[in-house]
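upload_3.cif follows (mmCIF, C-alpha atoms):
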data_target
loop_
_atom_site.group_PDB
_atom_site.id
_atom_site.type_symbol
_atom_site.label_atom_id
_atom_site.label_comp_id
_atom_site.auth_asym_id
_atom_site.auth_seq_id
_atom_site.Cartn_x
_atom_site.Cartn_y
_atom_site.Cartn_z
ATOM 1 C CA TRP U 871 22.250 17.341 23.016
ATOM 2 C CA LEU U 872 24.872 17.795 25.738
ATOM 3 C CA PHE U 873 26.367 20.916 24.152
ATOM 4 C CA ASP U 874 23.088 22.420 22.909
ATOM 5 C CA THR U 875 21.173 22.146 26.191
ATOM 6 C CA PRO U 876 21.698 25.196 28.453
ATOM 7 C CA GLY U 877 22.511 24.508 32.058
ATOM 8 C CA GLY U 878 19.476 24.549 34.325
ATOM 9 C CA SER U 879 16.994 24.174 31.469
ATOM 10 C CA VAL U 880 15.978 20.703 32.657
ATOM 11 C CA ASN U 881 14.224 21.749 35.841
ATOM 12 C CA ASP U 882 10.873 19.950 36.016
ATOM 13 C CA SER U 883 9.101 16.792 34.944
ATOM 14 C CA ALA U 884 8.125 18.123 31.512
ATOM 15 C CA THR U 885 11.605 19.276 30.516
ATOM 16 C CA ALA U 886 13.138 16.090 31.947
ATOM 17 C CA MET U 887 10.808 13.944 29.841
ATOM 18 C CA LEU U 888 11.482 16.015 26.717
ATOM 19 C CA ALA U 889 15.227 15.773 27.302
ATOM 20 C CA ALA U 890 15.013 12.008 27.796
ATOM 21 C CA GLY U 891 12.843 11.772 24.689
ATOM 22 C CA ARG U 892 15.399 13.615 22.589
ATOM 23 C CA ILE U 893 18.223 11.424 23.893
ATOM 24 C CA THR U 894 16.323 8.206 23.144
ATOM 25 C CA GLY U 895 15.504 9.579 19.696
ATOM 26 C CA LEU U 896 19.162 10.281 18.977
ATOM 27 C CA VAL U 897 20.256 6.881 20.279
ATOM 28 C CA SER U 898 17.559 5.129 18.233
ATOM 29 C CA GLY U 899 18.691 6.988 15.117
ATOM 30 C CA TYR U 900 22.264 5.809 15.602
ATOM 31 C CA ILE U 901 21.110 2.242 16.239
ATOM 32 C CA LEU U 902 19.090 2.309 13.017
ATOM 33 C CA PHE U 903 22.167 3.325 11.054
ATOM 34 C CA ILE U 904 24.225 0.602 12.737
ATOM 35 C CA GLN U 905 21.495 -1.943 11.996
ATOM 36 C CA LEU U 906 21.408 -1.130 8.299
ATOM 37 C CA LEU U 907 25.189 -0.991 8.042
ATOM 38 C CA MET U 908 25.541 -4.430 9.670
ATOM 39 C CA MET U 909 23.071 -5.966 7.216
ATOM 40 C CA SER U 910 24.462 -4.215 4.135
ATOM 41 C CA ARG U 911 26.460 -7.400 3.394
ATOM 42 C CA VAL U 912 29.570 -5.489 2.351
ATOM 43 C CA SER U 913 32.357 -8.061 2.186
ATOM 44 C CA TRP U 914 34.940 -6.159 4.238
ATOM 45 C CA LEU U 915 32.528 -5.876 7.198
ATOM 46 C CA GLU U 916 31.585 -9.562 7.084
ATOM 47 C CA GLU U 917 35.248 -10.562 6.906
ATOM 48 C CA TRP U 918 36.153 -8.239 9.774
ATOM 49 C CA VAL U 919 33.310 -9.110 12.180
ATOM 50 C CA GLY U 920 31.905 -12.357 10.805
ATOM 51 C CA ALA U 921 28.491 -12.979 9.260
ATOM 52 C CA ARG U 922 27.231 -14.992 12.251
ATOM 53 C CA ASP U 923 28.168 -12.288 14.757
ATOM 54 C CA LEU U 924 26.619 -9.613 12.542
ATOM 55 C CA LEU U 925 23.348 -11.529 12.437
ATOM 56 C CA ARG U 926 23.335 -12.028 16.204
ATOM 57 C CA TRP U 927 24.031 -8.327 16.834
ATOM 58 C CA HIS U 928 21.361 -7.406 14.294
ATOM 59 C CA ARG U 929 18.726 -9.385 16.188
ATOM 60 C CA TRP U 930 19.731 -7.951 19.547
ATOM 61 C CA LEU U 931 19.903 -4.370 18.302
ATOM 62 C CA GLY U 932 16.569 -4.800 16.512
ATOM 63 C CA THR U 933 14.800 -5.268 19.835
ATOM 64 C CA THR U 934 16.734 -2.366 21.335
ATOM 65 C CA LEU U 935 15.780 -0.149 18.392
ATOM 66 C CA VAL U 936 12.047 -0.823 18.727
ATOM 67 C CA VAL U 937 12.120 -0.249 22.487
ATOM 68 C CA GLY U 938 14.104 2.959 21.986
ATOM 69 C CA VAL U 939 11.732 4.356 19.354
ATOM 70 C CA LEU U 940 8.610 3.563 21.387
ATOM 71 C CA THR U 941 10.202 5.061 24.509
ATOM 72 C CA HIS U 942 11.098 8.174 22.505
ATOM 73 C CA ILE U 943 7.472 8.556 21.385
ATOM 74 C CA VAL U 944 6.036 8.115 24.880
ATOM 75 C CA LEU U 945 8.469 10.558 26.492
ATOM 76 C CA ILE U 946 8.028 13.244 23.841
ATOM 77 C CA VAL U 947 4.224 13.062 23.843
ATOM 78 C CA TYR U 948 3.995 13.079 27.634
ATOM 79 C CA GLY U 949 6.544 15.880 27.889
ATOM 80 C CA TYR U 950 4.653 18.130 25.488
ATOM 81 C CA ALA U 951 1.353 17.193 27.143
ATOM 82 C CA LEU U 952 2.690 18.351 30.524
ATOM 83 C CA THR U 953 4.022 21.551 28.964
ATOM 84 C CA SER U 954 0.775 22.468 27.185
ATOM 85 C CA GLN U 955 -1.560 21.127 29.888
ATOM 86 C CA ASP U 956 -3.338 18.988 27.263
ATOM 87 C CA GLY U 957 -4.393 15.379 27.356
ATOM 88 C CA VAL U 958 -1.924 12.796 26.099
ATOM 89 C CA VAL U 959 -4.124 11.663 23.206
ATOM 90 C CA ASP U 960 -4.894 15.246 22.129
ATOM 91 C CA GLN U 961 -1.223 16.173 22.333
ATOM 92 C CA GLY U 962 -0.201 13.117 20.333
ATOM 93 C CA TRP U 963 -2.706 14.006 17.611
ATOM 94 C CA THR U 964 -1.450 17.603 17.590
ATOM 95 C CA ILE U 965 2.136 16.430 17.146
ATOM 96 C CA ILE U 966 1.196 14.105 14.292
ATOM 97 C CA THR U 967 -0.900 16.674 12.427
ATOM 98 C CA THR U 968 1.149 19.849 12.974
ATOM 99 C CA PHE U 969 4.825 18.854 13.245
ATOM 100 C CA PRO U 970 6.689 18.528 9.909
ATOM 101 C CA ASP U 971 7.186 15.044 8.418
ATOM 102 C CA MET U 972 5.347 13.367 11.280
ATOM 103 C CA ILE U 973 3.054 11.333 9.003
ATOM 104 C CA LYS U 974 6.146 9.726 7.469
ATOM 105 C CA ALA U 975 7.551 9.120 10.941
ATOM 106 C CA VAL U 976 4.339 7.357 12.014
ATOM 107 C CA ILE U 977 4.479 5.127 8.924
ATOM 108 C CA ALA U 978 8.161 4.378 9.601
ATOM 109 C CA THR U 979 7.345 3.433 13.199
ATOM 110 C CA GLY U 980 4.542 1.152 12.041
ATOM 111 C CA ILE U 981 6.848 -0.620 9.593
ATOM 112 C CA LEU U 982 9.479 -1.013 12.293
ATOM 113 C CA VAL U 983 7.008 -2.582 14.724
ATOM 114 C CA VAL U 984 5.636 -4.961 12.077
ATOM 115 C CA VAL U 985 9.135 -6.068 11.082
ATOM 116 C CA SER U 986 10.046 -6.599 14.732
ATOM 117 C CA VAL U 987 6.919 -8.589 15.595
ATOM 118 C CA THR U 988 7.188 -10.813 12.516
ATOM 119 C CA SER U 989 10.841 -11.483 13.362
ATOM 120 C CA ILE U 990 9.874 -13.231 16.587
ATOM 121 C CA ARG U 991 10.641 -16.911 16.097
ATOM 122 C CA PHE U 992 7.055 -18.079 16.637
ATOM 123 C CA ALA U 993 5.561 -15.493 14.264
ATOM 124 C CA ARG U 994 8.262 -16.058 11.670
ATOM 125 C CA SER U 995 7.610 -19.806 11.639
ATOM 126 C CA LYS U 996 3.951 -19.169 10.746
ATOM 127 C CA LEU U 997 4.723 -16.976 7.714
ATOM 128 C CA PRO U 998 5.911 -18.032 4.251
ATOM 129 C CA TYR U 999 9.580 -17.173 3.903
ATOM 130 C CA GLU U 1000 8.996 -15.042 0.799
ATOM 131 C CA PHE U 1001 6.356 -12.952 2.587
ATOM 132 C CA TRP U 1002 8.521 -12.574 5.689
ATOM 133 C CA HIS U 1003 11.500 -11.579 3.558
ATOM 134 C CA LEU U 1004 9.414 -8.945 1.773
ATOM 135 C CA LEU U 1005 8.291 -7.495 5.104
ATOM 136 C CA HIS U 1006 11.859 -7.476 6.376
ATOM 137 C CA PHE U 1007 13.059 -5.808 3.197
ATOM 138 C CA ALA U 1008 10.489 -3.037 3.779
ATOM 139 C CA GLY U 1009 12.508 -2.138 6.865
ATOM 140 C CA TYR U 1010 14.800 -0.103 4.631
ATOM 141 C CA LEU U 1011 11.907 2.315 4.188
ATOM 142 C CA VAL U 1012 12.263 3.207 7.867
ATOM 143 C CA LEU U 1013 15.452 5.115 7.072
ATOM 144 C CA LEU U 1014 13.968 6.926 4.083
ATOM 145 C CA LEU U 1015 10.707 7.834 5.819
ATOM 146 C CA GLY U 1016 12.253 8.702 9.159
ATOM 147 C CA TYR U 1017 15.105 10.850 7.860
ATOM 148 C CA GLY U 1018 12.907 13.897 7.182
ATOM 149 C CA HIS U 1019 11.456 13.729 10.677
ATOM 150 C CA GLN U 1020 14.914 13.505 12.226
ATOM 151 C CA VAL U 1021 16.169 16.579 10.390
ATOM 152 C CA ALA U 1022 12.982 18.676 10.447
ATOM 153 C CA THR U 1023 12.041 18.206 14.104
ATOM 154 C CA GLY U 1024 15.315 17.045 15.649
ATOM 155 C CA ALA U 1025 16.310 19.953 17.864
ATOM 156 C CA ASP U 1026 19.774 18.466 18.331
ATOM 157 C CA LEU U 1027 20.503 18.002 14.617
ATOM 158 C CA SER U 1028 20.601 21.661 13.640
ATOM 159 C CA GLY U 1029 24.104 22.475 14.878
ATOM 160 C CA ARG U 1030 27.097 22.934 12.602
ATOM 161 C CA PHE U 1031 28.578 19.532 13.428
ATOM 162 C CA SER U 1032 25.272 17.649 13.259
ATOM 163 C CA SER U 1033 24.261 19.245 9.962
ATOM 164 C CA VAL U 1034 27.356 17.670 8.389
ATOM 165 C CA PHE U 1035 27.750 14.480 10.414
ATOM 166 C CA TRP U 1036 24.157 13.206 10.105
ATOM 167 C CA PRO U 1037 23.882 13.540 6.292
ATOM 168 C CA GLY U 1038 27.387 12.098 5.981
ATOM 169 C CA LEU U 1039 26.440 9.082 8.087
ATOM 170 C CA SER U 1040 23.280 8.623 6.020
ATOM 171 C CA ALA U 1041 25.272 8.738 2.784
ATOM 172 C CA LEU U 1042 27.744 6.177 4.151
ATOM 173 C CA VAL U 1043 25.024 3.711 5.141
ATOM 174 C CA ILE U 1044 23.073 4.104 1.894
ATOM 175 C CA SER U 1045 26.272 3.661 -0.128
ATOM 176 C CA ALA U 1046 27.096 0.493 1.806
ATOM 177 C CA LEU U 1047 23.594 -0.848 1.186
ATOM 178 C CA VAL U 1048 23.745 -0.138 -2.542
ATOM 179 C CA TRP U 1049 27.208 -1.691 -2.807
ATOM 180 C CA GLY U 1050 26.605 -4.760 -0.649
ATOM 181 C CA ARG U 1051 23.074 -5.557 -1.775
ATOM 182 C CA LEU U 1052 23.224 -4.609 -5.461
ATOM 183 C CA ILE U 1053 26.577 -3.775 -6.997
ATOM 184 C CA GLU U 1054 28.779 -6.392 -5.343
ATOM 185 C CA PRO U 1055 26.473 -9.376 -6.075
ATOM 186 C CA LEU U 1056 26.181 -8.315 -9.731
ATOM 187 C CA TRP U 1057 29.935 -7.803 -9.915
ATOM 188 C CA LEU U 1058 30.602 -11.263 -8.450
ATOM 189 C CA ASN U 1059 28.183 -12.758 -10.954
ATOM 190 C CA ALA U 1060 29.756 -10.971 -13.909
ATOM 191 C CA ARG U 1061 33.348 -11.961 -13.110
ATOM 192 C CA ARG U 1062 32.650 -15.729 -13.035
ATOM 193 C CA PRO U 1063 31.766 -16.665 -16.620
ATOM 194 C CA ARG U 1064 31.445 -20.353 -17.527
ATOM 195 C CA SER U 1065 30.439 -22.307 -20.614
ATOM 196 C CA GLY U 1066 27.919 -25.102 -21.116
ATOM 197 C CA ALA U 1067 26.741 -27.132 -18.153
ATOM 198 C CA GLY U 1068 29.500 -25.789 -15.939
ATOM 199 C CA ARG U 1069 28.373 -22.261 -16.632
ATOM 200 C CA ARG U 1070 24.734 -23.084 -15.874
ATOM 201 C CA SER U 1071 25.748 -24.773 -12.637
ATOM 202 C CA GLU U 1072 27.864 -21.796 -11.657
ATOM 203 C CA GLU U 1073 25.078 -19.379 -12.541
ATOM 204 C CA ARG U 1074 22.697 -21.269 -10.280
ATOM 205 C CA ARG U 1075 25.230 -21.204 -7.450
ATOM 206 C CA VAL U 1076 25.998 -17.502 -7.835
ATOM 207 C CA GLY U 1077 22.296 -16.779 -8.229
ATOM 208 C CA LYS U 1078 21.666 -18.373 -4.843
ATOM 209 C CA GLU U 1079 24.496 -16.312 -3.401
ATOM 210 C CA CYS U 1080 23.027 -13.126 -4.851
ATOM 211 C CA ARG U 1081 19.564 -13.918 -3.513
ATOM 212 C CA SER U 1082 21.006 -14.602 -0.080
ATOM 213 C CA ARG U 1083 22.540 -11.143 -0.128
ATOM 214 C CA TRP U 1084 19.114 -9.695 -0.816
#
Exercise: express the given structure as structure tokens:
Amino acid sequence: WLFDTPGGSVNDSATAMLAAGRITGLVSGYILFIQLLMMSRVSWLEEWVGARDLLRWHRWLGTTLVVGVLTHIVLIVYGYALTSQDGVVDQGWTIITTFPDMIKAVIATGILVVVSVTSIRFARSKLPYEFWHLLHFAGYLVLLLGYGHQVATGADLSGRFSSVFWPGLSALVISALVWGRLIEPLWLNARRPRSGAGRRSEERRVGKECRSRW
């Protein structure tokens, strides 16, 4: 954004709100990647940082992510409304129905808000763990649904550097998720064969470990 924004282009309330909206969108995108990378459960990251610290950072950044995304939406809608002299509601509907991949972005935002609200301690205590875990697991859809919106409408992601860096960062995070959540647990399970009762006991223990990684 800093290099792609011409000097003097932010000169009124509308352009200032649009600029702030783009910045909060970029920051929220980075936080989402960091969130998913921290919870990928790759062993080298847990050994380097520590599982307890990763969980604490994940909770703190989760709140920051939701606030950042909602702030991004408000600033962008208000900025375009001031530019087009339309009402906020009408402008929001226009953005949703005419901008590319906005329906997916709305769904991603809804999932993010639901995951955040159900992660509040009071709300979480009222839900069955399996249901809460399923909702939390749906948070991975935020990346898949929101990626098209980021690339299609992200004015600051079309440069030469961004067009390589952003897909590369996405590939890194997705690879870490696949490795830490799927491949590594199966690999740990396969390399610990046992026989008889000892094997069944070990399978139960490793099974719990695998489920905890999910």
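Straight-line separation from atom CA of U:Trp1049 to atom CA of U:Ser910: 7.9 Å.
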**Message:** Residues within 12 Å of U:Gln961, please, as a list in words. Count all atoms listed in the file; anything in the same chain fewer than 2 positions from it doesn't count.
**Reply:**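 The neighbour list is Ile943, Val944, Leu945, Ile946, Val947, Tyr948, Gly949, Tyr950, Ala951, Leu952, Thr953, Ser954, Gln955, Asp956, Gly957, Val958, Val959, Trp963, Thr964, Ile965, Ile966, Thr967, Thr968 and Phe969 of chain U.
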**Prompt:** What does the PyMOL selection byres ((chain U and resi 929) around 12) select in this file, as a list in words?
**Reply:**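 Selected by the PyMOL selection byres ((chain U and resi 929) around 12) in this file: Ile901, Ile904, Gln905, Leu906, Met908, Met909, Arg922, Asp923, Leu924, Leu925, Arg926, Trp927, His928, Trp930, Leu931, Gly932, Thr933, Thr934, Leu935, Val936, Val985, Ser986, Val987, Ser989, Ile990 and Arg991 of chain U.
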**Message:** Report as number ranges by chain all protein, DNA and RNA residues lying within 12 Å of U:Tyr900, evaluated on all atoms listed in the file, omitting residues in the same chain fewer than 4 positions from it.
**Reply:** U: 893-896, 904-907, 931, 934-935, 938-939, 1013, 1017, 1020, 1035-1036, 1039-1040, 1043
**Request:** Could you please determine the separation between atom CA of U:Gly980 and atom CA of U:Glu916 in Å, to one decimal place?
**Result:**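 We find that atom CA of U:Gly980 and atom CA of U:Glu916 lie 29.5 Å from each other.
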**Request:** Carefully work through the PyMOL selection byres ((chain U and resi 981) around 9) for this structure and note down the residues it includes, as a PyMOL selection string.
**Result:** chain U and resi 976-980+982-986+1005+1008-1009+1011-1012
Edge lengths and centre in Å, axis-aligned, stretch 978-987 of chain U plus 8 Å each side, as AutoDock Vina command-line options:
--center_x 7.3 --center_y -2.1 --center_z 12.6 --size_x 21.5 --size_y 29.0 --size_z 22.0
